Amino acid sequence: MIDLPKSTVFNRRIPKQKFYENLSVTAELKRIFVEQINVIYWRNKISPTTVNIAAGETVAEIEVIEIRLNQPGLDKRVLQLIDREIPYHILFLLVFEEQAQAWIGYKEQSQGGTAAFKPGTYYNTEWQPVNEISLRIDGLSMDAVYEGFIRQIAGERLEDKTGGGLKDAVARDKRRQKLQKEIAVLENKVRREKQFNIQVALNGELKRLKKELEEILNGH
């Protein structure tokens with residue numbers, strides 16, 4: 001799998017019912033845990049005590065959680081639930097047979113002065129052979145290592161020509177995805193619309209959205 005220092009190895013099995021026995025978990029999500037997941041392992045603990053890296057301002061530890069699946073895919077709500085239950089930043093490794101994917105959620109600190117983090121946008125690699133998936137620890141602080149994992153996993157999605165930080169890159173990516181969906185919906189409306197004056201109005205809005213998308217893609 002990914003090559004992390006031996007000092008980070010934790011290798012503890014986590015009973016999956018620990019997550020879905022919570023009274024607030026819906027029956028549907030419990031069923032997903034049972035049907036889609038075979039076993040969960042806490043593989044690594046990356047922290048200033050396990051690697052020679054300075055503490056971060058927002059990232060204290062990064063836990064590597066391996067989820068072995070009964071099928072080639074996992075409902076993202078499972079990752080969100082685990083992210084809420086474990087008060088640290090998490091790198092997920094999904095494994096099905098001999099294939100693996102890396103997933104990570106961009107966690108922002110909750111508002112209101114609490115120390116909690118809320119999971120936001122998730123990024124993932126493609127499925128690839130288990131022995132070919134590769135992530136490296138980059139950076140001199142836990143914050144930098146976490147950002148490095150996100151950027152390695154997200155790839156082109158977070159390429160930012162403006163030179164901004166991770167938060168700005170994530171915001172731009174979310175806006176890009178929203179614009180692409182809105183453009184697709186408008187294009188369908190234009191094709192179906194019979195009234196010329198409405199077509200003109202829709203095309204005007206379509207042109208505006210496409211211009212904004214182009215500016216984001218060009219880094220303006």
# chains A, B, ... in the order shown; residues from 1 in each chain; ligands from 1
$ select_by_dssp --residues "range 30-189 of chain A" --states "helix (DSSP H, G or I)" --output "PyMOL selection string"
chain A and resi 30-36+76-85+130-132+142-158+166-189
$ closest_residue --among "A:Thr58, A:Thr26, A:Gln80, A:Asn197" --to "Lys118 in chain A" --atoms "only C-alpha atoms"
A:Gln80
$ residues_around --residues "Ala54 in chain A" --least-positions-apart "6" --cutoff "12 Å" --atoms "only C-alpha atoms" --output "number ranges by chain"
A: 46-48, 60-61, 139-145
$ residues_around --residues "Trp103 in chain A" --least-positions-apart "2" --cutoff "6 Å" --atoms "only C-alpha atoms" --output "ChimeraX atom specification"
/A:92,123-124
$ write_last_selection --atoms "C-alpha atoms" --output "short mmCIF file (atom, residue, chain, number, x, y, z; two decimals), in the first residue's frame"
data_model
loop_
_atom_site.label_atom_id
_atom_site.label_comp_id
_atom_site.auth_asym_id
_atom_site.auth_seq_id
_atom_site.Cartn_x
_atom_site.Cartn_y
_atom_site.Cartn_z
CA PHE A 92 -9.02 6.79 3.91
CA TYR A 123 -11.28 14.04 -3.13
CA ASN A 124 -10.24 10.61 -4.36
#
$ residues_around --residues "Asn131 in chain A" --least-positions-apart "4" --cutoff "10 Å" --atoms "only C-alpha atoms" --output "list in words"
Met1, Ile2, Asp3, Glu98, Gln99 and Ala100 of chain A
$ write_last_selection --atoms "N, CA and C atoms" --output "tab-separated table (two decimals), in the first residue's frame"
chain	number	residue	atom	x	y	z
A	1	MET	N	0.84	-1.19	0.00
A	1	MET	CA	0.00	0.00	0.00
A	1	MET	C	0.88	1.24	0.00
A	2	ILE	N	0.49	2.31	0.70
A	2	ILE	CA	1.34	3.51	0.72
A	2	ILE	C	2.49	3.28	1.69
A	3	ASP	N	3.62	3.87	1.34
A	3	ASP	CA	4.85	3.64	2.09
A	3	ASP	C	5.03	4.72	3.16
A	98	GLU	N	-7.86	-6.68	-5.13
A	98	GLU	CA	-6.47	-6.21	-5.26
A	98	GLU	C	-6.39	-4.77	-5.74
A	99	GLN	N	-7.51	-4.03	-5.64
A	99	GLN	CA	-7.55	-2.64	-6.07
A	99	GLN	C	-7.75	-1.71	-4.87
A	100	ALA	N	-7.24	-0.48	-4.99
A	100	ALA	CA	-7.36	0.46	-3.88
A	100	ALA	C	-7.60	1.88	-4.40
$ select_by_dssp --residues "range 34-79 of chain A" --states "strand (DSSP E)" --output "ChimeraX atom specification"
/A:37-46,62-69
$ write_last_selection --atoms "C-alpha atoms" --output "JSON list (two decimals), in the first residue's frame"
[["chain", "number", "residue", "atom", "x", "y", "z"],
["A", 37, "ILE", "CA", -17.97, -2.95, 4.39],
["A", 38, "ASN", "CA", -16.08, -6.10, 5.30],
["A", 39, "VAL", "CA", -13.64, -4.79, 7.93],
["A", 40, "ILE", "CA", -12.09, -1.49, 9.10],
["A", 41, "TYR", "CA", -8.45, -1.08, 10.19],
["A", 42, "TRP", "CA", -6.75, 1.90, 11.80],
["A", 43, "ARG", "CA", -3.44, 1.45, 9.96],
["A", 44, "ASN", "CA", -1.31, 4.50, 10.80],
["A", 45, "LYS", "CA", -1.11, 7.49, 13.10],
["A", 46, "ILE", "CA", 0.85, 10.40, 11.61],
["A", 62, "ILE", "CA", -3.66, 12.36, 10.52],
["A", 63, "GLU", "CA", -5.13, 8.89, 10.92],
["A", 64, "VAL", "CA", -4.90, 6.37, 8.07],
["A", 65, "ILE", "CA", -8.06, 4.28, 8.02],
["A", 66, "GLU", "CA", -8.25, 1.26, 5.71],
["A", 67, "ILE", "CA", -11.75, 0.07, 4.77],
["A", 68, "ARG", "CA", -11.94, -3.32, 3.12],
["A", 69, "LEU", "CA", -15.06, -3.51, 0.96]]
$ residues_around --residues "Asp138 in chain A" --least-positions-apart "3" --cutoff "12 Å" --atoms "only C-alpha atoms" --output "PDB file with N, CA and C atoms, in the first residue's frame"
ATOM      1  N   LEU A   4       4.628   4.409   4.399  1.00  0.00           N
ATOM      2  CA  LEU A   4       4.764   5.342   5.509  1.00  0.00           C
ATOM      3  C   LEU A   4       5.791   4.809   6.498  1.00  0.00           C
ATOM      4  N   VAL A  51       6.402  10.944  13.754  1.00  0.00           N
ATOM      5  CA  VAL A  51       7.312  11.353  12.674  1.00  0.00           C
ATOM      6  C   VAL A  51       7.975  12.666  13.080  1.00  0.00           C
ATOM      7  N   ASN A  52       9.095  12.953  12.490  1.00  0.00           N
ATOM      8  CA  ASN A  52       9.847  14.159  12.851  1.00  0.00           C
ATOM      9  C   ASN A  52       9.288  15.372  12.107  1.00  0.00           C
ATOM     10  N   ILE A  53       8.058  15.771  12.494  1.00  0.00           N
ATOM     11  CA  ILE A  53       7.360  16.877  11.837  1.00  0.00           C
ATOM     12  C   ILE A  53       6.759  17.769  12.913  1.00  0.00           C
ATOM     13  N   LEU A 135       1.444   7.621  -2.035  1.00  0.00           N
ATOM     14  CA  LEU A 135       1.313   8.945  -1.431  1.00  0.00           C
ATOM     15  C   LEU A 135       2.555   9.180  -0.587  1.00  0.00           C
ATOM     16  N   SER A 141       5.384  20.618   8.589  1.00  0.00           N
ATOM     17  CA  SER A 141       4.407  20.694   9.675  1.00  0.00           C
ATOM     18  C   SER A 141       3.228  19.797   9.338  1.00  0.00           C
ATOM     19  N   MET A 142       2.417  19.475  10.342  1.00  0.00           N
ATOM     20  CA  MET A 142       1.250  18.624  10.114  1.00  0.00           C
ATOM     21  C   MET A 142       0.259  19.292   9.155  1.00  0.00           C
ATOM     22  N   ASP A 143       0.126  20.609   9.246  1.00  0.00           N
ATOM     23  CA  ASP A 143      -0.753  21.330   8.311  1.00  0.00           C
ATOM     24  C   ASP A 143      -0.292  21.106   6.876  1.00  0.00           C
ATOM     25  N   ALA A 144       1.027  21.215   6.644  1.00  0.00           N
ATOM     26  CA  ALA A 144       1.578  21.062   5.300  1.00  0.00           C
ATOM     27  C   ALA A 144       1.437  19.622   4.797  1.00  0.00           C
ATOM     28  N   VAL A 145       1.613  18.648   5.687  1.00  0.00           N
ATOM     29  CA  VAL A 145       1.466  17.234   5.296  1.00  0.00           C
ATOM     30  C   VAL A 145       0.027  16.952   4.865  1.00  0.00           C
ATOM     31  N   TYR A 146      -0.922  17.467   5.647  1.00  0.00           N
ATOM     32  CA  TYR A 146      -2.344  17.299   5.325  1.00  0.00           C
ATOM     33  C   TYR A 146      -2.666  17.937   3.970  1.00  0.00           C
ATOM     34  N   GLU A 147      -2.196  19.171   3.764  1.00  0.00           N
ATOM     35  CA  GLU A 147      -2.429  19.842   2.482  1.00  0.00           C
ATOM     36  C   GLU A 147      -1.783  19.051   1.351  1.00  0.00           C
ATOM     37  N   GLY A 148      -0.597  18.499   1.608  1.00  0.00           N
ATOM     38  CA  GLY A 148       0.085  17.710   0.590  1.00  0.00           C
ATOM     39  C   GLY A 148      -0.709  16.483   0.186  1.00  0.00           C
ATOM     40  N   PHE A 149      -1.289  15.783   1.169  1.00  0.00           N
ATOM     41  CA  PHE A 149      -2.121  14.615   0.860  1.00  0.00           C
ATOM     42  C   PHE A 149      -3.318  15.020   0.001  1.00  0.00           C
ATOM     43  N   ILE A 150      -3.980  16.115   0.364  1.00  0.00           N
ATOM     44  CA  ILE A 150      -5.152  16.558  -0.400  1.00  0.00           C
ATOM     45  C   ILE A 150      -4.764  16.877  -1.834  1.00  0.00           C
ATOM     46  N   ARG A 151      -3.673  17.609  -1.997  1.00  0.00           N
ATOM     47  CA  ARG A 151      -3.269  18.005  -3.355  1.00  0.00           C
ATOM     48  C   ARG A 151      -2.820  16.795  -4.183  1.00  0.00           C
ATOM     49  N   GLN A 152      -2.140  15.823  -3.560  1.00  0.00           N
ATOM     50  CA  GLN A 152      -1.734  14.613  -4.293  1.00  0.00           C
ATOM     51  C   GLN A 152      -2.954  13.817  -4.745  1.00  0.00           C
TER      52      GLN A 152
END
$ residues_around --residues "Ala171 in chain A" --least-positions-apart "4" --cutoff "10 Å" --atoms "only C-alpha atoms" --output "PyMOL selection string"
chain A and resi 121+158+166-167+175-176
$ atom_distance --atom1 "CA of Gly120 in chain A" --atom2 "CA of Gly155 in chain A"
17.3 Å
$ atom_distance --atom1 "CA of Gly73 in chain A" --atom2 "CA of Phe19 in chain A"
18.5 Å
